[in-house]
>>> print(open('model13.tsv').read())   # TSV, C-alpha atoms
chain	number	residue	atom	x	y	z
A	262	PHE	CA	6.17	5.77	16.31
A	263	SER	CA	8.97	5.95	18.87
A	264	LEU	CA	6.55	7.70	21.24
A	265	LEU	CA	3.94	4.98	20.72
A	266	GLU	CA	6.54	2.26	21.19
A	267	ASP	CA	8.13	3.67	24.36
A	268	SER	CA	4.73	4.36	25.92
A	269	GLY	CA	3.87	0.65	25.63
A	270	TYR	CA	0.97	1.25	23.26
A	271	LEU	CA	2.21	-0.67	20.20
A	272	ALA	CA	2.35	-3.95	22.14
A	273	ARG	CA	-1.24	-3.40	23.27
A	274	LEU	CA	-2.27	-2.56	19.70
A	275	ALA	CA	-0.83	-5.91	18.59
A	276	ILE	CA	-2.90	-7.70	21.24
A	277	MET	CA	-6.10	-5.88	20.25
A	278	ALA	CA	-5.49	-6.64	16.56
A	279	ASN	CA	-4.77	-10.33	17.11
A	280	ARG	CA	-8.37	-11.50	16.70
A	281	PRO	CA	-9.21	-9.67	13.41
A	282	PHE	CA	-5.82	-10.61	11.96
A	283	LYS	CA	-6.52	-14.28	12.68
A	284	VAL	CA	-9.11	-14.06	9.90
A	285	MET	CA	-6.18	-13.66	7.50
A	286	GLY	CA	-4.10	-16.41	9.09
A	287	LEU	CA	-1.85	-13.86	10.83
A	288	ASN	CA	-1.35	-12.82	14.43
A	289	GLY	CA	-1.34	-9.46	16.15
A	290	LYS	CA	2.33	-8.76	15.42
A	291	ALA	CA	1.41	-8.24	11.76
A	292	VAL	CA	-0.37	-5.00	12.65
A	293	LEU	CA	2.98	-3.31	13.42
A	294	PRO	CA	4.37	-3.30	9.84
A	295	MET	CA	0.85	-2.53	8.55
A	296	VAL	CA	0.68	0.59	10.74
A	297	LEU	CA	4.23	1.55	9.79
A	298	GLY	CA	3.14	1.23	6.14
A	299	LEU	CA	0.99	4.32	6.63
A	300	GLY	CA	4.30	6.15	6.96
A	301	CYS	CA	6.29	4.34	4.26
A	302	ASP	CA	5.55	0.96	2.70
A	303	THR	CA	9.20	0.48	1.75
A	304	MET	CA	10.27	0.89	5.37
A	305	ALA	CA	7.40	-1.31	6.54
A	306	THR	CA	8.57	-4.09	4.21
A	307	LEU	CA	11.85	-4.05	6.13
A	308	THR	CA	10.03	-4.39	9.45
A	309	THR	CA	8.29	-7.61	8.35
A	310	ARG	CA	11.49	-9.20	9.70
A	311	ILE	CA	9.83	-9.17	13.14
A	312	LEU	CA	7.45	-11.92	11.96
A	313	GLU	CA	8.60	-15.44	12.75
A	314	THR	CA	7.85	-17.38	9.55
A	315	ARG	CA	8.60	-16.72	5.88
A	316	LYS	CA	4.92	-17.31	5.04
A	317	GLU	CA	3.82	-14.49	7.34
A	318	ARG	CA	6.52	-12.14	6.05
A	319	ILE	CA	5.50	-12.69	2.42
A	320	GLN	CA	1.81	-12.40	3.26
A	321	VAL	CA	2.21	-9.06	5.06
A	322	THR	CA	4.52	-7.82	2.29
A	323	LEU	CA	1.77	-8.61	-0.22
A	324	LEU	CA	-0.86	-6.77	1.83
A	325	LEU	CA	1.43	-3.74	2.22
A	326	ALA	CA	1.99	-3.60	-1.53
A	327	LEU	CA	-1.70	-4.10	-2.24
A	328	GLY	CA	-3.70	-1.73	-0.08
A	329	VAL	CA	-1.77	0.27	2.54
A	330	PRO	CA	-1.26	3.86	1.32
A	331	CYS	CA	1.94	5.62	2.40
A	332	SER	CA	1.93	9.06	4.03
A	333	ALA	CA	2.63	10.85	0.73
A	334	GLN	CA	-0.38	9.21	-0.87
A	335	VAL	CA	-2.63	9.64	2.17
A	336	GLY	CA	-2.19	13.42	1.97
A	337	VAL	CA	-3.36	13.49	-1.67
A	338	LEU	CA	-6.18	11.01	-1.01
A	339	LEU	CA	-7.50	13.21	1.79
A	340	GLY	CA	-7.63	16.08	-0.70
A	341	MET	CA	-9.82	13.97	-2.98
A	342	VAL	CA	-11.96	12.86	-0.04
A	343	ALA	CA	-12.79	16.54	0.56
A	344	ILE	CA	-14.28	16.69	-2.95
A	345	LEU	CA	-16.02	13.29	-2.82
A	346	SER	CA	-19.40	12.64	-1.20
A	347	GLY	CA	-19.62	10.85	2.15
A	348	SER	CA	-21.13	7.74	0.58
A	349	GLY	CA	-18.31	7.65	-1.97
A	350	VAL	CA	-15.68	7.82	0.79
A	351	ILE	CA	-17.39	4.96	2.68
A	352	ALA	CA	-17.55	2.90	-0.52
A	353	TRP	CA	-13.83	3.45	-1.25
A	354	LEU	CA	-12.72	2.55	2.28
A	355	SER	CA	-15.05	-0.47	2.46
A	356	ILE	CA	-13.86	-1.90	-0.85
A	357	VAL	CA	-10.16	-1.46	0.04
A	358	LEU	CA	-10.59	-3.05	3.49
A	359	LEU	CA	-12.72	-5.90	2.13
A	360	THR	CA	-10.13	-6.53	-0.57
A	361	LEU	CA	-7.30	-6.59	1.99
A	362	PHE	CA	-9.06	-9.14	4.18
A	363	ALA	CA	-10.15	-11.28	1.21
A	364	VAL	CA	-6.65	-11.38	-0.32
A	365	GLY	CA	-5.09	-11.97	3.12
A	366	TRP	CA	-7.44	-14.90	3.79
A	367	LEU	CA	-6.78	-16.40	0.35
A	368	ALA	CA	-3.00	-15.93	0.68
A	369	ALA	CA	-3.09	-17.73	4.02
A	370	LYS	CA	-4.70	-20.71	2.28
A	371	LEU	CA	-2.44	-20.78	-0.78
A	372	LEU	CA	1.01	-19.82	0.51
A	373	PRO	CA	3.05	-22.80	1.75
A	374	GLY	CA	4.28	-22.91	5.33
A	375	GLN	CA	2.82	-22.48	8.77
A	376	SER	CA	1.76	-19.51	10.87
A	377	SER	CA	3.46	-18.83	14.19
A	378	ASP	CA	1.96	-18.66	17.66
A	379	PHE	CA	1.26	-15.25	19.16
A	380	ILE	CA	3.67	-14.68	22.04
A	381	LEU	CA	4.39	-11.08	22.98
A	382	GLU	CA	5.82	-9.48	26.10
A	383	LEU	CA	3.54	-6.76	27.45
A	384	PRO	CA	5.60	-3.81	28.76
A	385	PRO	CA	4.19	-1.43	31.39
A	386	VAL	CA	2.48	1.78	30.31
A	387	ARG	CA	4.87	4.64	31.01
A	388	GLN	CA	5.76	8.18	30.02
A	389	PRO	CA	8.38	8.19	27.22
A	390	ARG	CA	11.70	9.91	27.93
A	391	LEU	CA	12.49	12.74	25.51
A	392	LYS	CA	16.22	11.89	25.27
A	393	ALA	CA	15.49	8.25	24.41
A	394	ILE	CA	12.97	9.33	21.75
A	395	VAL	CA	15.44	11.72	20.10
A	396	VAL	CA	18.29	9.18	20.07
A	397	LYS	CA	16.03	6.44	18.70
A	398	THR	CA	14.54	8.70	16.02
A	399	VAL	CA	17.94	9.92	14.80
A	400	ALA	CA	19.27	6.35	14.65
A	401	ARG	CA	16.25	5.12	12.70
A	402	VAL	CA	16.33	8.02	10.25
A	403	GLU	CA	20.00	7.30	9.59
A	404	TRP	CA	19.26	3.59	9.08
A	405	TYR	CA	16.30	4.43	6.84
A	406	LEU	CA	18.34	6.71	4.59
A	407	LYS	CA	21.13	4.14	4.25
A	408	GLU	CA	18.68	1.38	3.34
A	409	VAL	CA	16.22	3.05	0.97
A	410	LEU	CA	17.57	6.39	-0.31
A	411	SER	CA	19.15	4.76	-3.36
A	412	LEU	CA	15.87	2.94	-4.06
A	413	PHE	CA	13.88	6.18	-4.03
A	414	ILE	CA	16.31	7.72	-6.50
A	415	ALA	CA	15.78	4.77	-8.86
A	416	GLY	CA	12.06	5.51	-9.40
A	417	PRO	CA	12.34	9.08	-10.72
A	418	ALA	CA	15.47	8.07	-12.69
A	419	LEU	CA	13.53	5.31	-14.45
A	420	LEU	CA	10.65	7.72	-15.14
A	421	PHE	CA	13.12	10.22	-16.65
A	422	VAL	CA	14.69	7.57	-18.91
A	423	LEU	CA	11.31	6.30	-20.13
A	424	ASP	CA	10.21	9.85	-20.90
A	425	LYS	CA	13.39	10.66	-22.85
A	426	LEU	CA	13.11	7.45	-24.87
A	427	GLY	CA	9.49	8.21	-25.75
A	428	LEU	CA	8.29	5.02	-24.08
A	429	LEU	CA	5.94	6.82	-21.69
A	430	ALA	CA	3.78	8.10	-24.55
A	431	TRP	CA	3.75	4.64	-26.17
A	432	LEU	CA	2.76	2.95	-22.90
A	433	GLU	CA	0.06	5.57	-22.35
A	434	GLN	CA	-1.51	4.75	-25.73
A	435	LEU	CA	-1.32	1.05	-24.88
A	436	LEU	CA	-3.05	1.58	-21.53
A	437	ALA	CA	-5.76	4.01	-22.74
A	438	PRO	CA	-8.25	1.40	-24.11
A	439	LEU	CA	-8.11	-0.53	-20.82
A	440	VAL	CA	-8.67	2.60	-18.73
A	441	VAL	CA	-11.56	3.84	-20.88
A	442	GLY	CA	-13.19	0.50	-21.68
A	443	LEU	CA	-12.80	-1.44	-18.43
A	444	LEU	CA	-12.76	1.32	-15.82
A	445	GLY	CA	-15.01	3.84	-17.60
A	446	LEU	CA	-12.57	6.69	-16.94
A	447	PRO	CA	-11.45	9.59	-19.17
A	448	VAL	CA	-8.48	8.93	-21.42
A	449	GLU	CA	-6.42	11.47	-19.44
A	450	THR	CA	-6.27	9.05	-16.50
A	451	ALA	CA	-4.14	6.63	-18.55
A	452	ALA	CA	-1.13	8.90	-17.97
A	453	VAL	CA	-2.00	9.12	-14.27
A	454	PHE	CA	-2.08	5.34	-13.84
A	455	LEU	CA	1.10	4.96	-15.84
A	456	ILE	CA	2.97	7.30	-13.50
A	457	GLY	CA	1.25	5.49	-10.63
A	458	PHE	CA	3.08	2.32	-11.68
A	459	LEU	CA	6.34	4.05	-10.73
A	460	ARG	CA	5.17	6.26	-7.85
A	461	ARG	CA	1.68	5.78	-6.47
A	462	ASP	CA	1.65	9.16	-4.71
A	463	PHE	CA	2.40	10.89	-8.03
A	464	GLY	CA	-0.51	9.00	-9.55
A	465	ALA	CA	-2.81	10.08	-6.74
A	466	ALA	CA	-1.69	13.69	-7.25
A	467	GLY	CA	-2.63	13.40	-10.94
A	468	LEU	CA	-6.09	12.12	-10.01
A	469	PHE	CA	-6.50	15.01	-7.59
A	470	GLY	CA	-5.67	17.46	-10.38
A	471	LEU	CA	-8.24	15.88	-12.73
A	472	ALA	CA	-10.88	15.90	-9.97
A	473	ARG	CA	-10.30	19.60	-9.23
A	474	GLN	CA	-10.68	20.38	-12.93
A	475	GLY	CA	-14.09	18.66	-12.89
A	476	LEU	CA	-13.00	15.94	-15.32
A	477	LEU	CA	-14.10	13.10	-13.03
A	478	THR	CA	-17.64	12.27	-11.87
A	479	GLY	CA	-18.28	10.93	-8.37
A	480	ASN	CA	-18.36	7.35	-9.61
A	481	GLN	CA	-15.17	7.83	-11.60
A	482	MET	CA	-13.42	9.27	-8.54
A	483	VAL	CA	-14.39	6.22	-6.45
A	484	VAL	CA	-13.23	3.79	-9.15
A	485	SER	CA	-9.96	5.62	-9.72
A	486	LEU	CA	-9.30	5.90	-5.97
A	487	VAL	CA	-9.81	2.16	-5.51
A	488	VAL	CA	-7.45	1.33	-8.39
A	489	ILE	CA	-4.68	3.74	-7.37
A	490	THR	CA	-4.89	2.60	-3.72
A	491	LEU	CA	-4.49	-1.04	-4.76
A	492	PHE	CA	-1.35	-0.33	-6.78
A	493	ILE	CA	2.13	-1.23	-5.53
A	494	PRO	CA	3.25	2.00	-3.80
A	495	CYS	CA	6.40	2.73	-5.80
A	496	ILE	CA	9.34	1.19	-7.63
A	497	ALA	CA	11.36	1.47	-4.41
A	498	ASN	CA	8.91	-0.90	-2.74
A	499	VAL	CA	9.38	-3.45	-5.54
A	500	LEU	CA	13.15	-3.21	-5.17
A	501	MET	CA	12.84	-3.64	-1.41
A	502	ILE	CA	10.68	-6.75	-1.86
A	503	THR	CA	13.37	-8.08	-4.21
A	504	ARG	CA	16.05	-7.40	-1.60
A	505	GLU	CA	14.08	-8.98	1.25
A	506	HIS	CA	12.39	-11.94	-0.45
A	507	GLY	CA	14.08	-12.46	-3.81
A	508	LYS	CA	13.27	-11.75	-7.46
A	509	ARG	CA	10.65	-14.49	-7.83
A	510	THR	CA	8.59	-13.19	-4.91
A	511	ALA	CA	8.83	-9.57	-6.11
A	512	LEU	CA	7.81	-10.58	-9.63
A	513	GLY	CA	4.94	-12.66	-8.26
A	514	VAL	CA	3.65	-9.79	-6.09
A	515	ALA	CA	3.83	-7.31	-8.98
A	516	ALA	CA	2.25	-9.76	-11.44
A	517	PHE	CA	-0.68	-10.22	-9.05
A	518	VAL	CA	-1.22	-6.69	-7.71
A	519	PHE	CA	-1.33	-4.67	-10.93
A	520	PRO	CA	-3.89	-6.79	-12.86
A	521	PHE	CA	-5.88	-7.35	-9.66
A	522	ALA	CA	-6.19	-3.59	-9.05
A	523	PHE	CA	-7.64	-3.10	-12.54
A	524	LEU	CA	-9.91	-6.13	-12.09
A	525	VAL	CA	-11.38	-4.76	-8.86
A	526	GLY	CA	-11.83	-1.34	-10.48
A	527	GLY	CA	-13.51	-2.90	-13.53
A	528	LEU	CA	-15.90	-4.94	-11.37
A	529	LEU	CA	-16.75	-1.85	-9.33
A	530	ASN	CA	-17.44	0.18	-12.47
A	531	TRP	CA	-19.68	-2.61	-13.84
A	532	LEU	CA	-21.63	-2.90	-10.57
A	533	LEU	CA	-22.18	0.86	-10.31
A	534	GLN	CA	-23.56	0.94	-13.86
A	535	LEU	CA	-25.66	-2.18	-13.31
A	536	LEU	CA	-27.22	-0.95	-10.07
A	537	GLY	CA	-27.48	2.68	-11.21
A	538	ILE	CA	-25.61	4.01	-8.18
A	539	GLU	CA	-24.34	7.58	-8.29
A	540	PHE	CA	-21.95	9.13	-5.76
>>> encode(input="model13.tsv", output="structure tokens")
Amino acid sequence: FSLLEDSGYLARLAIMANRPFKVMGLNGKAVLPMVLGLGCDTMATLTTRILETRKERIQVTLLLALGVPCSAQVGVLLGMVAILSGSGVIAWLSIVLLTLFAVGWLAAKLLPGQSSDFILELPPVRQPRLKAIVVKTVARVEWYLKEVLSLFIAGPALLFVLDKLGLLAWLEQLLAPLVVGLLGLPVETAAVFLIGFLRRDFGAAGLFGLARQGLLTGNQMVVSLVVITLFIPCIANVLMITREHGKRTALGVAAFVFPFAFLVGGLLNWLLQLLGIEF
């Protein structure tokens, strides 16, 4: 990202993305945290500070939590894509992108406040200097570790406590009817989605394991991929949203994203059965 920034490309990417992002009531600057979210959604939530208005910052934070997979999850998802048919991959990507734009458009209508004008200085295209890249990268890694390392420790710690208290098994039994009845998935995926509540990349890894064992059909893989992609990335991301925007906003984002992910998955499962589509 430092290479892209120092070469002058990121500013041009923001300009190219300005028109499609206007559909969601945002401007081209919003593409920068969205692209950074492909590395780490928690870090990208921090970079929403570059947006001028609170409305835009909350809107992009919501979209990051909803449908931008982090690098850890992307690696596992690509493993599942290798197993899935081409039409299934297209369906998964199309549904996620359509959902992002639909939620972004609706959020722009419902969230109070105004959007900012798009004013961005366009730097010249140039060859990045190696020394500047190294210094910038080291400084940002140090900043990143100071900001979010404690948050990443919190997720596995919470998972450990829930497991020792026996609450994971109880929550899995509670979630199983919803996973089987609404999503049409095997009961084993209840544990996967439960872990996905705490760390989405762990959930994706569980789905990959089930797919390799042949426990998921093509349709079930598409449905499960859509649901796990639309989860909040991890508990660290929730804590970062709380730090940046307050408890009410974090609670509102979580209360919307989790049920909405299951709703989209349930509708997709119903449509595939209704239309008799097989991937």
>>> closest_atom_pairs(input="model13.tsv", of="segment 297-329 of chain A", to="segment 338-360 of chain A", cutoff="9 Å", atoms="only C-alpha atoms", output="JSON lines")
{"residue": "A:Leu327", "atom": "CA", "partner": "A:Thr360", "partner_atom": "CA", "distance": 8.9}
{"residue": "A:Gly328", "atom": "CA", "partner": "A:Val357", "partner_atom": "CA", "distance": 6.5}
{"residue": "A:Val329", "atom": "CA", "partner": "A:Val357", "partner_atom": "CA", "distance": 8.9}
>>> atom_distance(input="model13.tsv", atom1="atom CA of Gly442 of chain A", atom2="atom CA of Ala363 of chain A")
25.9 Å
>>> atom_distance(input="model13.tsv", atom1="atom CA of Ile311 of chain A", atom2="atom CA of Leu410 of chain A")
22.0 Å
>>> closest_residue(input="model13.tsv", among="A:Gly479, A:Gly537, A:Gly427, A:Gly365", to="Leu287 of chain A", atoms="all atoms listed in the file")
A:Gly365
>>> atom_distance(input="model13.tsv", atom1="atom CA of Glu313 of chain A", atom2="atom CA of Ser377 of chain A")
6.3 Å
>>> residues_near_point(input="model13.tsv", point="(5.7, 12.0, 23.0)", cutoff="9 Å", atoms="only C-alpha atoms", output="list in words")
Ser263, Leu264, Leu265, Asp267, Ser268, Gln388, Pro389, Arg390, Leu391 and Ile394 of chain A
>>> write_last_selection(input="model13.tsv", atoms="C-alpha atoms", output="JSON list (two decimals), keeping the file's coordinate frame")
[["chain", "number", "residue", "atom", "x", "y", "z"],
["A", 263, "SER", "CA", 8.97, 5.95, 18.87],
["A", 264, "LEU", "CA", 6.55, 7.70, 21.24],
["A", 265, "LEU", "CA", 3.94, 4.98, 20.72],
["A", 267, "ASP", "CA", 8.13, 3.67, 24.36],
["A", 268, "SER", "CA", 4.73, 4.36, 25.92],
["A", 388, "GLN", "CA", 5.76, 8.18, 30.02],
["A", 389, "PRO", "CA", 8.38, 8.19, 27.22],
["A", 390, "ARG", "CA", 11.70, 9.91, 27.93],
["A", 391, "LEU", "CA", 12.49, 12.74, 25.51],
["A", 394, "ILE", "CA", 12.97, 9.33, 21.75]]
>>> decode(input="model13.tsv", residues="segment 290-385 of chain A", atoms="C-alpha atoms", output="tab-separated table (two decimals), in the first residue's frame")
chain	number	residue	atom	x	y	z
A	290	LYS	CA	-12.16	8.81	-1.03
A	291	ALA	CA	-14.26	6.00	0.43
A	292	VAL	CA	-12.51	3.49	-1.83
A	293	LEU	CA	-9.27	3.88	0.16
A	294	PRO	CA	-10.49	2.31	3.44
A	295	MET	CA	-12.46	-0.25	1.40
A	296	VAL	CA	-9.28	-1.35	-0.38
A	297	LEU	CA	-7.35	-1.34	2.89
A	298	GLY	CA	-10.09	-3.59	4.31
A	299	LEU	CA	-8.84	-6.35	2.02
A	300	GLY	CA	-5.76	-6.32	4.23
A	301	CYS	CA	-7.43	-5.83	7.62
A	302	ASP	CA	-10.92	-4.51	8.32
A	303	THR	CA	-9.89	-3.40	11.81
A	304	MET	CA	-7.11	-1.24	10.39
A	305	ALA	CA	-9.42	0.03	7.65
A	306	THR	CA	-11.94	1.16	10.27
A	307	LEU	CA	-9.21	3.40	11.66
A	308	THR	CA	-8.55	4.91	8.23
A	309	THR	CA	-12.19	6.03	7.86
A	310	ARG	CA	-10.91	9.11	9.69
A	311	ILE	CA	-9.86	10.49	6.28
A	312	LEU	CA	-13.55	10.98	5.40
A	313	GLU	CA	-14.90	14.44	6.17
A	314	THR	CA	-18.31	13.75	7.74
A	315	ARG	CA	-19.48	11.43	10.50
A	316	LYS	CA	-22.20	10.06	8.20
A	317	GLU	CA	-19.62	8.92	5.65
A	318	ARG	CA	-17.38	7.41	8.32
A	319	ILE	CA	-20.23	5.36	9.80
A	320	GLN	CA	-21.46	4.32	6.36
A	321	VAL	CA	-18.04	3.04	5.25
A	322	THR	CA	-17.54	1.35	8.64
A	323	LEU	CA	-20.82	-0.49	8.09
A	324	LEU	CA	-19.81	-1.60	4.59
A	325	LEU	CA	-16.41	-2.79	5.85
A	326	ALA	CA	-18.07	-4.85	8.57
A	327	LEU	CA	-20.65	-6.21	6.16
A	328	GLY	CA	-18.92	-7.43	3.05
A	329	VAL	CA	-15.18	-6.70	2.76
A	330	PRO	CA	-13.18	-9.87	3.55
A	331	CYS	CA	-9.79	-9.40	5.22
A	332	SER	CA	-6.60	-11.00	3.87
A	333	ALA	CA	-6.84	-13.96	6.27
A	334	GLN	CA	-10.33	-14.75	5.06
A	335	VAL	CA	-9.54	-14.13	1.39
A	336	GLY	CA	-6.90	-16.86	1.48
A	337	VAL	CA	-9.41	-19.42	2.79
A	338	LEU	CA	-12.15	-18.23	0.42
A	339	LEU	CA	-9.83	-18.71	-2.55
A	340	GLY	CA	-9.32	-22.30	-1.41
A	341	MET	CA	-13.09	-22.84	-1.52
A	342	VAL	CA	-13.32	-21.09	-4.89
A	343	ALA	CA	-10.95	-23.76	-6.27
A	344	ILE	CA	-13.51	-26.41	-5.30
A	345	LEU	CA	-16.60	-24.46	-6.41
A	346	SER	CA	-17.86	-24.26	-9.99
A	347	GLY	CA	-17.36	-21.09	-12.04
A	348	SER	CA	-21.06	-20.24	-11.96
A	349	GLY	CA	-21.07	-20.64	-8.18
A	350	VAL	CA	-18.13	-18.23	-7.83
A	351	ILE	CA	-19.89	-15.66	-10.04
A	352	ALA	CA	-23.08	-16.03	-8.00
A	353	TRP	CA	-21.23	-15.53	-4.70
A	354	LEU	CA	-19.35	-12.44	-5.89
A	355	SER	CA	-22.46	-10.95	-7.54
A	356	ILE	CA	-24.61	-11.37	-4.43
A	357	VAL	CA	-21.95	-9.86	-2.13
A	358	LEU	CA	-21.36	-6.86	-4.42
A	359	LEU	CA	-25.09	-6.31	-4.98
A	360	THR	CA	-25.66	-6.47	-1.22
A	361	LEU	CA	-22.88	-3.95	-0.57
A	362	PHE	CA	-24.29	-1.43	-3.05
A	363	ALA	CA	-27.89	-1.96	-1.87
A	364	VAL	CA	-27.00	-1.51	1.82
A	365	GLY	CA	-24.75	1.45	1.00
A	366	TRP	CA	-27.54	3.16	-0.97
A	367	LEU	CA	-30.07	2.52	1.81
A	368	ALA	CA	-27.66	3.71	4.52
A	369	ALA	CA	-27.10	6.93	2.58
A	370	LYS	CA	-30.85	7.55	2.68
A	371	LEU	CA	-31.41	6.64	6.33
A	372	LEU	CA	-28.32	7.91	8.15
A	373	PRO	CA	-28.60	11.55	9.29
A	374	GLY	CA	-26.12	14.13	8.07
A	375	GLN	CA	-24.70	15.27	4.77
A	376	SER	CA	-22.11	13.91	2.37
A	377	SER	CA	-19.00	15.93	1.59
A	378	ASP	CA	-17.76	17.26	-1.73
A	379	PHE	CA	-15.02	15.36	-3.53
A	380	ILE	CA	-11.86	17.45	-3.47
A	381	LEU	CA	-8.56	15.60	-3.83
A	382	GLU	CA	-5.08	16.72	-4.77
A	383	LEU	CA	-3.69	14.68	-7.66
A	384	PRO	CA	0.05	14.01	-7.14
A	385	PRO	CA	2.35	13.27	-10.09
